[in-house]
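Chemist: Below are the structure tokens for one structure; questions will follow.
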Amino acid sequence: GLRRSGPAAPRPSSAAPSRSAGRVAAMAAETLTPPHGGADLVDLMVAESEVEALKQSCVATIECSDRNACDVELLIVGGFSPLRGFLNEADYDSVVENLRLTDGTVFGLPIVMDTADEAIQPGMKVLLTYQGQDIAVLEVESKWRPNKALEAKKCYGTSSLEHPGVQMIAMERGPFYLGGKVTGLELPRRIFPCQTPAEIRAALPAGKDVVAFQCRNPLHRVHVELFLRSLDASNVGEGAVCLVHPTVGPTQGDDISGAVRYKTYEVLKEELGNPSVNWAYLPYSMHMAGPREAIQHMIIRKNYGATHFIIGRDMAGSKSC
């Protein structure tokens, strides 16, 4: 099915290059479809002149996993707007139980930083590193031992370790969760480009609907027909464009990696050569959380400028459970 995520609004056709997403977004903040939560698109990147001092203020370090790094990147660039950091305990509990932040804003899945380090405590600044990069600073505001069985049951519909999302929270994440404000230092370096929400918004045509298509696998012919024909749907405006926006972060074990899939998407993009189809890549870690993850994907694509979102059969479902 095709779901509308918000009203269409005029968008800029171009923007000057910048170090962070917010500087691009600021040029057209009043003309874009509002980000999730209705406020400005979040930009957590610090000024370059402040990076070294912020690093020096840290008293501990956490090396991010691939999944952590995806979450940090989406926080920094505003993909998880309105979040400005990892959820504190109260917001975590609210999202797990009610699919909403404590202020009532809908949110599909909890975004948390995990650790096994007992020494890290609220009030500390922690340097977040990833494969030789210093990517962010976390100001720890809360630390708790989550009820992972409850999180699994509520978010994935099962507590069985056969489910890859349950495996992830039970076996990959540390025993403690940390919440608090995140400040970005540098985006993770990747072998494929991941445009920020502001960059994608700035490139979308003014005043037209944008239909987002999510996938985590190589595209086959039915996928292509689905997103091409969506532009002719009765609830999509004249002159709409499609944003094909595959996730290229970690996924379940038997999926093809993002690094390989990226190459297939680039070939298909050239073969189609369709000016009504925009292509971009999302540094998001799949949870296989079914309906909850569908909500999460819609929120993220809304932040990237989409007005509509295609919901597929058993979207983000797990074949294991």
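Here's how to read the names in the structure tokens: chain A, B, ... by the order shown, residue numbers from 1 in each chain, ligand numbers from 1 in the order shown.
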Against region 278-284 of chain A, which residues of region 149-236 of chain A fall within 12 Å? For each one I want the closest pair of atoms and the distance in Å (one decimal), counting only C-alpha atoms, rows by chain and increasing residue number, as JSON lines.

Modeler:
```
{"residue": "A:Leu187", "atom": "CA", "partner": "A:Pro283", "partner_atom": "CA", "distance": 10.7}
{"residue": "A:Pro188", "atom": "CA", "partner": "A:Pro283", "partner_atom": "CA", "distance": 9.6}
{"residue": "A:Arg189", "atom": "CA", "partner": "A:Pro283", "partner_atom": "CA", "distance": 11.0}
{"residue": "A:Arg190", "atom": "CA", "partner": "A:Pro283", "partner_atom": "CA", "distance": 9.3}
{"residue": "A:Ile191", "atom": "CA", "partner": "A:Tyr281", "partner_atom": "CA", "distance": 11.3}
{"residue": "A:Phe192", "atom": "CA", "partner": "A:Tyr281", "partner_atom": "CA", "distance": 7.9}
{"residue": "A:Pro193", "atom": "CA", "partner": "A:Tyr281", "partner_atom": "CA", "distance": 6.9}
{"residue": "A:Cys194", "atom": "CA", "partner": "A:Tyr281", "partner_atom": "CA", "distance": 5.1}
{"residue": "A:Gln195", "atom": "CA", "partner": "A:Ala280", "partner_atom": "CA", "distance": 6.6}
{"residue": "A:Thr196", "atom": "CA", "partner": "A:Leu282", "partner_atom": "CA", "distance": 8.7}
{"residue": "A:Pro197", "atom": "CA", "partner": "A:Leu282", "partner_atom": "CA", "distance": 9.7}
{"residue": "A:Glu199", "atom": "CA", "partner": "A:Ala280", "partner_atom": "CA", "distance": 10.3}
{"residue": "A:Ile200", "atom": "CA", "partner": "A:Ala280", "partner_atom": "CA", "distance": 7.9}
{"residue": "A:Arg201", "atom": "CA", "partner": "A:Asn278", "partner_atom": "CA", "distance": 11.1}
{"residue": "A:Ala203", "atom": "CA", "partner": "A:Asn278", "partner_atom": "CA", "distance": 9.1}
{"residue": "A:Leu204", "atom": "CA", "partner": "A:Asn278", "partner_atom": "CA", "distance": 8.4}
{"residue": "A:Pro205", "atom": "CA", "partner": "A:Asn278", "partner_atom": "CA", "distance": 10.5}
{"residue": "A:Val210", "atom": "CA", "partner": "A:Asn278", "partner_atom": "CA", "distance": 9.5}
{"residue": "A:Val211", "atom": "CA", "partner": "A:Asn278", "partner_atom": "CA", "distance": 9.9}
{"residue": "A:Ala212", "atom": "CA", "partner": "A:Asn278", "partner_atom": "CA", "distance": 9.4}
{"residue": "A:Phe213", "atom": "CA", "partner": "A:Trp279", "partner_atom": "CA", "distance": 9.7}
{"residue": "A:Gln214", "atom": "CA", "partner": "A:Leu282", "partner_atom": "CA", "distance": 9.3}
{"residue": "A:Cys215", "atom": "CA", "partner": "A:Leu282", "partner_atom": "CA", "distance": 10.0}
{"residue": "A:Arg216", "atom": "CA", "partner": "A:Tyr284", "partner_atom": "CA", "distance": 10.0}
{"residue": "A:Phe227", "atom": "CA", "partner": "A:Asn278", "partner_atom": "CA", "distance": 11.1}
{"residue": "A:Leu228", "atom": "CA", "partner": "A:Asn278", "partner_atom": "CA", "distance": 11.3}
```

Chemist: Excluding same-chain residues fewer than 5 positions from Phe176 (chain A), what lies within 9 Å of it counting only C-alpha atoms, as a list in words?

Modeler: Met113, Asp114, Thr115, Ala116, Asp117, Glu118, Lys143, Trp144, Arg145 and Pro146 of chain A

Chemist: Rounded to one decimal place, report the CA of Ala90 (chain A)-CA of Ala149 (chain A) distance in Å.

Modeler: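 Between these atoms lies a distance of 17.4 Å.
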
Chemist: Could you check which of A:Val248, A:Met124, A:Ala53, A:Met171 is closest to Val260 (chain A), using only C-alpha atoms?

Modeler: A:Val248

Chemist: Got a sec: who's within 12 Å of region 177-180 of chain A, counting only C-alpha atoms, leaving out chain neighbours fewer than 2 positions off, as a PDB file with N, CA, C and O atoms, in the first residue's frame?

Modeler:
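And here's around.pdb as it stands now:
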```pdb
ATOM      1  N   ILE A  62      33.951   4.594  23.867  1.00  0.00           N
ATOM      2  CA  ILE A  62      33.231   3.401  23.424  1.00  0.00           C
ATOM      3  C   ILE A  62      33.490   3.223  21.933  1.00  0.00           C
ATOM      4  O   ILE A  62      33.291   4.155  21.154  1.00  0.00           O
ATOM      5  N   ASN A  68      25.798   0.460  15.959  1.00  0.00           N
ATOM      6  CA  ASN A  68      25.926   1.713  16.718  1.00  0.00           C
ATOM      7  C   ASN A  68      26.278   2.876  15.795  1.00  0.00           C
ATOM      8  O   ASN A  68      25.723   3.966  15.906  1.00  0.00           O
ATOM      9  N   VAL A  72      24.425   6.441  15.308  1.00  0.00           N
ATOM     10  CA  VAL A  72      25.093   7.712  15.564  1.00  0.00           C
ATOM     11  C   VAL A  72      24.994   8.614  14.339  1.00  0.00           C
ATOM     12  O   VAL A  72      24.675   9.809  14.450  1.00  0.00           O
ATOM     13  N   LEU A  75      21.497  10.012  13.930  1.00  0.00           N
ATOM     14  CA  LEU A  75      21.253  11.055  14.928  1.00  0.00           C
ATOM     15  C   LEU A  75      21.915  12.368  14.504  1.00  0.00           C
ATOM     16  O   LEU A  75      21.297  13.438  14.543  1.00  0.00           O
ATOM     17  N   LEU A  83      14.944  13.435  17.559  1.00  0.00           N
ATOM     18  CA  LEU A  83      15.909  13.038  18.586  1.00  0.00           C
ATOM     19  C   LEU A  83      17.189  13.854  18.466  1.00  0.00           C
ATOM     20  O   LEU A  83      17.693  14.103  17.375  1.00  0.00           O
ATOM     21  N   ARG A  84      17.741  14.208  19.624  1.00  0.00           N
ATOM     22  CA  ARG A  84      19.015  14.916  19.683  1.00  0.00           C
ATOM     23  C   ARG A  84      20.071  14.083  20.405  1.00  0.00           C
ATOM     24  O   ARG A  84      21.123  14.592  20.799  1.00  0.00           O
ATOM     25  N   GLY A  85      19.767  12.827  20.579  1.00  0.00           N
ATOM     26  CA  GLY A  85      20.696  11.925  21.234  1.00  0.00           C
ATOM     27  C   GLY A  85      20.028  10.584  21.478  1.00  0.00           C
ATOM     28  O   GLY A  85      18.895  10.349  21.046  1.00  0.00           O
ATOM     29  N   PHE A  86      20.742   9.709  22.169  1.00  0.00           N
ATOM     30  CA  PHE A  86      20.180   8.401  22.503  1.00  0.00           C
ATOM     31  C   PHE A  86      19.109   8.561  23.579  1.00  0.00           C
ATOM     32  O   PHE A  86      19.218   9.418  24.458  1.00  0.00           O
ATOM     33  N   LEU A  87      18.076   7.736  23.501  1.00  0.00           N
ATOM     34  CA  LEU A  87      16.948   7.857  24.418  1.00  0.00           C
ATOM     35  C   LEU A  87      17.378   7.663  25.867  1.00  0.00           C
ATOM     36  O   LEU A  87      18.151   6.750  26.186  1.00  0.00           O
ATOM     37  N   ASN A  88      16.853   8.516  26.734  1.00  0.00           N
ATOM     38  CA  ASN A  88      16.977   8.281  28.167  1.00  0.00           C
ATOM     39  C   ASN A  88      15.968   7.215  28.592  1.00  0.00           C
ATOM     40  O   ASN A  88      15.096   6.809  27.811  1.00  0.00           O
ATOM     41  N   GLU A  89      16.082   6.768  29.827  1.00  0.00           N
ATOM     42  CA  GLU A  89      15.296   5.619  30.278  1.00  0.00           C
ATOM     43  C   GLU A  89      13.800   5.847  30.142  1.00  0.00           C
ATOM     44  O   GLU A  89      13.066   4.946  29.708  1.00  0.00           O
ATOM     45  N   ALA A  90      13.314   7.035  30.494  1.00  0.00           N
ATOM     46  CA  ALA A  90      11.871   7.288  30.434  1.00  0.00           C
ATOM     47  C   ALA A  90      11.361   7.223  29.001  1.00  0.00           C
ATOM     48  O   ALA A  90      10.302   6.636  28.730  1.00  0.00           O
ATOM     49  N   ASP A  91      12.102   7.821  28.053  1.00  0.00           N
ATOM     50  CA  ASP A  91      11.695   7.754  26.650  1.00  0.00           C
ATOM     51  C   ASP A  91      11.817   6.338  26.111  1.00  0.00           C
ATOM     52  O   ASP A  91      10.985   5.890  25.322  1.00  0.00           O
ATOM     53  N   TYR A  92      12.865   5.632  26.522  1.00  0.00           N
ATOM     54  CA  TYR A  92      13.016   4.224  26.120  1.00  0.00           C
ATOM     55  C   TYR A  92      11.806   3.409  26.559  1.00  0.00           C
ATOM     56  O   TYR A  92      11.207   2.679  25.756  1.00  0.00           O
ATOM     57  N   ASP A  93      11.430   3.530  27.837  1.00  0.00           N
ATOM     58  CA  ASP A  93      10.275   2.784  28.348  1.00  0.00           C
ATOM     59  C   ASP A  93       9.007   3.149  27.578  1.00  0.00           C
ATOM     60  O   ASP A  93       8.195   2.276  27.250  1.00  0.00           O
ATOM     61  N   PRO A 110      13.194   1.895  19.903  1.00  0.00           N
ATOM     62  CA  PRO A 110      14.098   2.684  20.755  1.00  0.00           C
ATOM     63  C   PRO A 110      15.495   2.787  20.147  1.00  0.00           C
ATOM     64  O   PRO A 110      16.020   1.820  19.610  1.00  0.00           O
ATOM     65  N   ILE A 111      16.080   3.985  20.232  1.00  0.00           N
ATOM     66  CA  ILE A 111      17.437   4.238  19.760  1.00  0.00           C
ATOM     67  C   ILE A 111      18.316   4.413  20.991  1.00  0.00           C
ATOM     68  O   ILE A 111      18.194   5.407  21.720  1.00  0.00           O
ATOM     69  N   VAL A 112      19.196   3.449  21.242  1.00  0.00           N
ATOM     70  CA  VAL A 112      19.987   3.446  22.474  1.00  0.00           C
ATOM     71  C   VAL A 112      21.447   3.117  22.180  1.00  0.00           C
ATOM     72  O   VAL A 112      21.760   2.486  21.169  1.00  0.00           O
ATOM     73  N   MET A 113      22.327   3.562  23.054  1.00  0.00           N
ATOM     74  CA  MET A 113      23.726   3.144  23.043  1.00  0.00           C
ATOM     75  C   MET A 113      23.904   2.108  24.143  1.00  0.00           C
ATOM     76  O   MET A 113      23.410   2.284  25.259  1.00  0.00           O
ATOM     77  N   ASP A 114      24.589   1.016  23.823  1.00  0.00           N
ATOM     78  CA  ASP A 114      24.796  -0.037  24.822  1.00  0.00           C
ATOM     79  C   ASP A 114      26.251  -0.078  25.244  1.00  0.00           C
ATOM     80  O   ASP A 114      27.146   0.386  24.537  1.00  0.00           O
ATOM     81  N   THR A 115      26.498  -0.645  26.412  1.00  0.00           N
ATOM     82  CA  THR A 115      27.859  -0.800  26.909  1.00  0.00           C
ATOM     83  C   THR A 115      27.906  -1.919  27.941  1.00  0.00           C
ATOM     84  O   THR A 115      26.897  -2.239  28.581  1.00  0.00           O
ATOM     85  N   ALA A 116      29.093  -2.488  28.098  1.00  0.00           N
ATOM     86  CA  ALA A 116      29.348  -3.426  29.187  1.00  0.00           C
ATOM     87  C   ALA A 116      30.236  -2.786  30.249  1.00  0.00           C
ATOM     88  O   ALA A 116      30.581  -3.432  31.242  1.00  0.00           O
ATOM     89  N   ASP A 117      30.585  -1.519  30.060  1.00  0.00           N
ATOM     90  CA  ASP A 117      31.516  -0.821  30.949  1.00  0.00           C
ATOM     91  C   ASP A 117      30.773  -0.311  32.191  1.00  0.00           C
ATOM     92  O   ASP A 117      29.983   0.626  32.116  1.00  0.00           O
ATOM     93  N   GLU A 118      31.050  -0.916  33.334  1.00  0.00           N
ATOM     94  CA  GLU A 118      30.379  -0.516  34.564  1.00  0.00           C
ATOM     95  C   GLU A 118      30.865   0.843  35.066  1.00  0.00           C
ATOM     96  O   GLU A 118      30.181   1.502  35.861  1.00  0.00           O
ATOM     97  N   ILE A 120      31.322   3.639  33.376  1.00  0.00           N
ATOM     98  CA  ILE A 120      30.665   4.794  32.751  1.00  0.00           C
ATOM     99  C   ILE A 120      29.412   5.138  33.543  1.00  0.00           C
ATOM    100  O   ILE A 120      28.570   4.277  33.805  1.00  0.00           O
ATOM    101  N   GLN A 121      29.291   6.416  33.912  1.00  0.00           N
ATOM    102  CA  GLN A 121      28.184   6.853  34.755  1.00  0.00           C
ATOM    103  C   GLN A 121      27.596   8.160  34.225  1.00  0.00           C
ATOM    104  O   GLN A 121      28.251   8.894  33.484  1.00  0.00           O
ATOM    105  N   PRO A 122      26.343   8.475  34.599  1.00  0.00           N
ATOM    106  CA  PRO A 122      25.756   9.760  34.210  1.00  0.00           C
ATOM    107  C   PRO A 122      26.641  10.928  34.625  1.00  0.00           C
ATOM    108  O   PRO A 122      27.262  10.916  35.695  1.00  0.00           O
ATOM    109  N   GLY A 123      26.698  11.935  33.756  1.00  0.00           N
ATOM    110  CA  GLY A 123      27.550  13.090  33.987  1.00  0.00           C
ATOM    111  C   GLY A 123      28.851  13.035  33.217  1.00  0.00           C
ATOM    112  O   GLY A 123      29.526  14.058  33.051  1.00  0.00           O
ATOM    113  N   MET A 124      29.219  11.860  32.734  1.00  0.00           N
ATOM    114  CA  MET A 124      30.458  11.710  31.970  1.00  0.00           C
ATOM    115  C   MET A 124      30.234  12.056  30.500  1.00  0.00           C
ATOM    116  O   MET A 124      29.143  11.896  29.962  1.00  0.00           O
ATOM    117  N   LYS A 125      31.308  12.511  29.853  1.00  0.00           N
ATOM    118  CA  LYS A 125      31.338  12.640  28.406  1.00  0.00           C
ATOM    119  C   LYS A 125      32.138  11.476  27.843  1.00  0.00           C
ATOM    120  O   LYS A 125      33.248  11.197  28.308  1.00  0.00           O
ATOM    121  N   VAL A 126      31.561  10.793  26.855  1.00  0.00           N
ATOM    122  CA  VAL A 126      32.164   9.585  26.291  1.00  0.00           C
ATOM    123  C   VAL A 126      32.442   9.810  24.814  1.00  0.00           C
ATOM    124  O   VAL A 126      31.551  10.232  24.063  1.00  0.00           O
ATOM    125  N   VAL A 137      30.510  12.605  20.426  1.00  0.00           N
ATOM    126  CA  VAL A 137      30.624  12.626  21.889  1.00  0.00           C
ATOM    127  C   VAL A 137      29.226  12.428  22.468  1.00  0.00           C
ATOM    128  O   VAL A 137      28.269  13.084  22.040  1.00  0.00           O
ATOM    129  N   LEU A 138      29.130  11.514  23.411  1.00  0.00           N
ATOM    130  CA  LEU A 138      27.882  11.267  24.136  1.00  0.00           C
ATOM    131  C   LEU A 138      27.998  11.836  25.540  1.00  0.00           C
ATOM    132  O   LEU A 138      28.920  11.483  26.286  1.00  0.00           O
ATOM    133  N   GLU A 139      27.077  12.736  25.893  1.00  0.00           N
ATOM    134  CA  GLU A 139      26.987  13.243  27.260  1.00  0.00           C
ATOM    135  C   GLU A 139      25.990  12.370  28.005  1.00  0.00           C
ATOM    136  O   GLU A 139      24.779  12.482  27.808  1.00  0.00           O
ATOM    137  N   VAL A 140      26.486  11.488  28.844  1.00  0.00           N
ATOM    138  CA  VAL A 140      25.642  10.476  29.480  1.00  0.00           C
ATOM    139  C   VAL A 140      24.718  11.125  30.504  1.00  0.00           C
ATOM    140  O   VAL A 140      25.165  11.765  31.460  1.00  0.00           O
ATOM    141  N   GLU A 141      23.424  10.975  30.287  1.00  0.00           N
ATOM    142  CA  GLU A 141      22.427  11.517  31.201  1.00  0.00           C
ATOM    143  C   GLU A 141      21.753  10.428  32.028  1.00  0.00           C
ATOM    144  O   GLU A 141      21.250  10.694  33.113  1.00  0.00           O
ATOM    145  N   SER A 142      21.722   9.214  31.494  1.00  0.00           N
ATOM    146  CA  SER A 142      21.116   8.106  32.249  1.00  0.00           C
ATOM    147  C   SER A 142      21.782   6.797  31.848  1.00  0.00           C
ATOM    148  O   SER A 142      22.294   6.658  30.733  1.00  0.00           O
ATOM    149  N   LYS A 143      21.772   5.864  32.788  1.00  0.00           N
ATOM    150  CA  LYS A 143      22.320   4.525  32.555  1.00  0.00           C
ATOM    151  C   LYS A 143      21.435   3.545  33.294  1.00  0.00           C
ATOM    152  O   LYS A 143      21.085   3.767  34.454  1.00  0.00           O
ATOM    153  N   TRP A 144      21.052   2.471  32.621  1.00  0.00           N
ATOM    154  CA  TRP A 144      20.172   1.510  33.253  1.00  0.00           C
ATOM    155  C   TRP A 144      20.374   0.123  32.652  1.00  0.00           C
ATOM    156  O   TRP A 144      20.965  -0.031  31.589  1.00  0.00           O
ATOM    157  N   ARG A 145      19.900  -0.864  33.383  1.00  0.00           N
ATOM    158  CA  ARG A 145      19.916  -2.245  32.897  1.00  0.00           C
ATOM    159  C   ARG A 145      18.508  -2.548  32.360  1.00  0.00           C
ATOM    160  O   ARG A 145      17.556  -2.671  33.144  1.00  0.00           O
ATOM    161  N   PRO A 146      18.343  -2.645  31.046  1.00  0.00           N
ATOM    162  CA  PRO A 146      17.002  -2.792  30.471  1.00  0.00           C
ATOM    163  C   PRO A 146      16.432  -4.188  30.660  1.00  0.00           C
ATOM    164  O   PRO A 146      17.165  -5.163  30.858  1.00  0.00           O
ATOM    165  N   ASN A 147      15.120  -4.265  30.595  1.00  0.00           N
ATOM    166  CA  ASN A 147      14.428  -5.552  30.556  1.00  0.00           C
ATOM    167  C   ASN A 147      14.398  -5.985  29.093  1.00  0.00           C
ATOM    168  O   ASN A 147      13.478  -5.664  28.352  1.00  0.00           O
ATOM    169  N   LYS A 148      15.428  -6.719  28.686  1.00  0.00           N
ATOM    170  CA  LYS A 148      15.562  -7.056  27.266  1.00  0.00           C
ATOM    171  C   LYS A 148      14.486  -8.035  26.806  1.00  0.00           C
ATOM    172  O   LYS A 148      14.084  -8.001  25.637  1.00  0.00           O
ATOM    173  N   ILE A 169      19.686  -7.833  20.399  1.00  0.00           N
ATOM    174  CA  ILE A 169      19.614  -7.159  21.698  1.00  0.00           C
ATOM    175  C   ILE A 169      20.086  -8.063  22.833  1.00  0.00           C
ATOM    176  O   ILE A 169      20.615  -7.589  23.832  1.00  0.00           O
ATOM    177  N   ARG A 173      24.320  -6.657  22.108  1.00  0.00           N
ATOM    178  CA  ARG A 173      24.359  -5.464  22.945  1.00  0.00           C
ATOM    179  C   ARG A 173      24.863  -5.781  24.342  1.00  0.00           C
ATOM    180  O   ARG A 173      24.646  -6.873  24.872  1.00  0.00           O
ATOM    181  N   GLY A 174      25.526  -4.784  24.940  1.00  0.00           N
ATOM    182  CA  GLY A 174      25.984  -4.925  26.313  1.00  0.00           C
ATOM    183  C   GLY A 174      24.818  -4.900  27.287  1.00  0.00           C
ATOM    184  O   GLY A 174      23.676  -4.599  26.914  1.00  0.00           O
ATOM    185  N   PRO A 175      25.084  -5.176  28.573  1.00  0.00           N
ATOM    186  CA  PRO A 175      23.996  -5.280  29.565  1.00  0.00           C
ATOM    187  C   PRO A 175      23.395  -3.948  29.979  1.00  0.00           C
ATOM    188  O   PRO A 175      22.311  -3.915  30.555  1.00  0.00           O
ATOM    189  N   VAL A 182      23.962  13.775  21.984  1.00  0.00           N
ATOM    190  CA  VAL A 182      25.065  13.415  21.090  1.00  0.00           C
ATOM    191  C   VAL A 182      25.521  14.657  20.336  1.00  0.00           C
ATOM    192  O   VAL A 182      24.701  15.444  19.859  1.00  0.00           O
ATOM    193  N   THR A 183      26.830  14.837  20.236  1.00  0.00           N
ATOM    194  CA  THR A 183      27.415  15.896  19.403  1.00  0.00           C
ATOM    195  C   THR A 183      28.296  15.236  18.353  1.00  0.00           C
ATOM    196  O   THR A 183      29.167  14.430  18.687  1.00  0.00           O
TER     197      THR A 183
END
```

Chemist: Please run DSSP on the backbone and report, as JSON, numbers by chain, all residues within region 43-93 of chain A that come out as helix (DSSP H, G or I).

Modeler: {"A": [48, 49, 50, 51, 52, 53, 54, 55, 56, 66, 67, 68, 69, 70, 71, 72, 73, 74, 75, 76, 77, 89, 90, 91, 92, 93]}

Chemist: Quick one: pull the distance between CA of Gly79 (chain A) and CA of Tyr304 (chain A), Å, one decimal.

Modeler: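 Separation between CA of Gly79 (chain A) and CA of Tyr304 (chain A): 6.9 Å.
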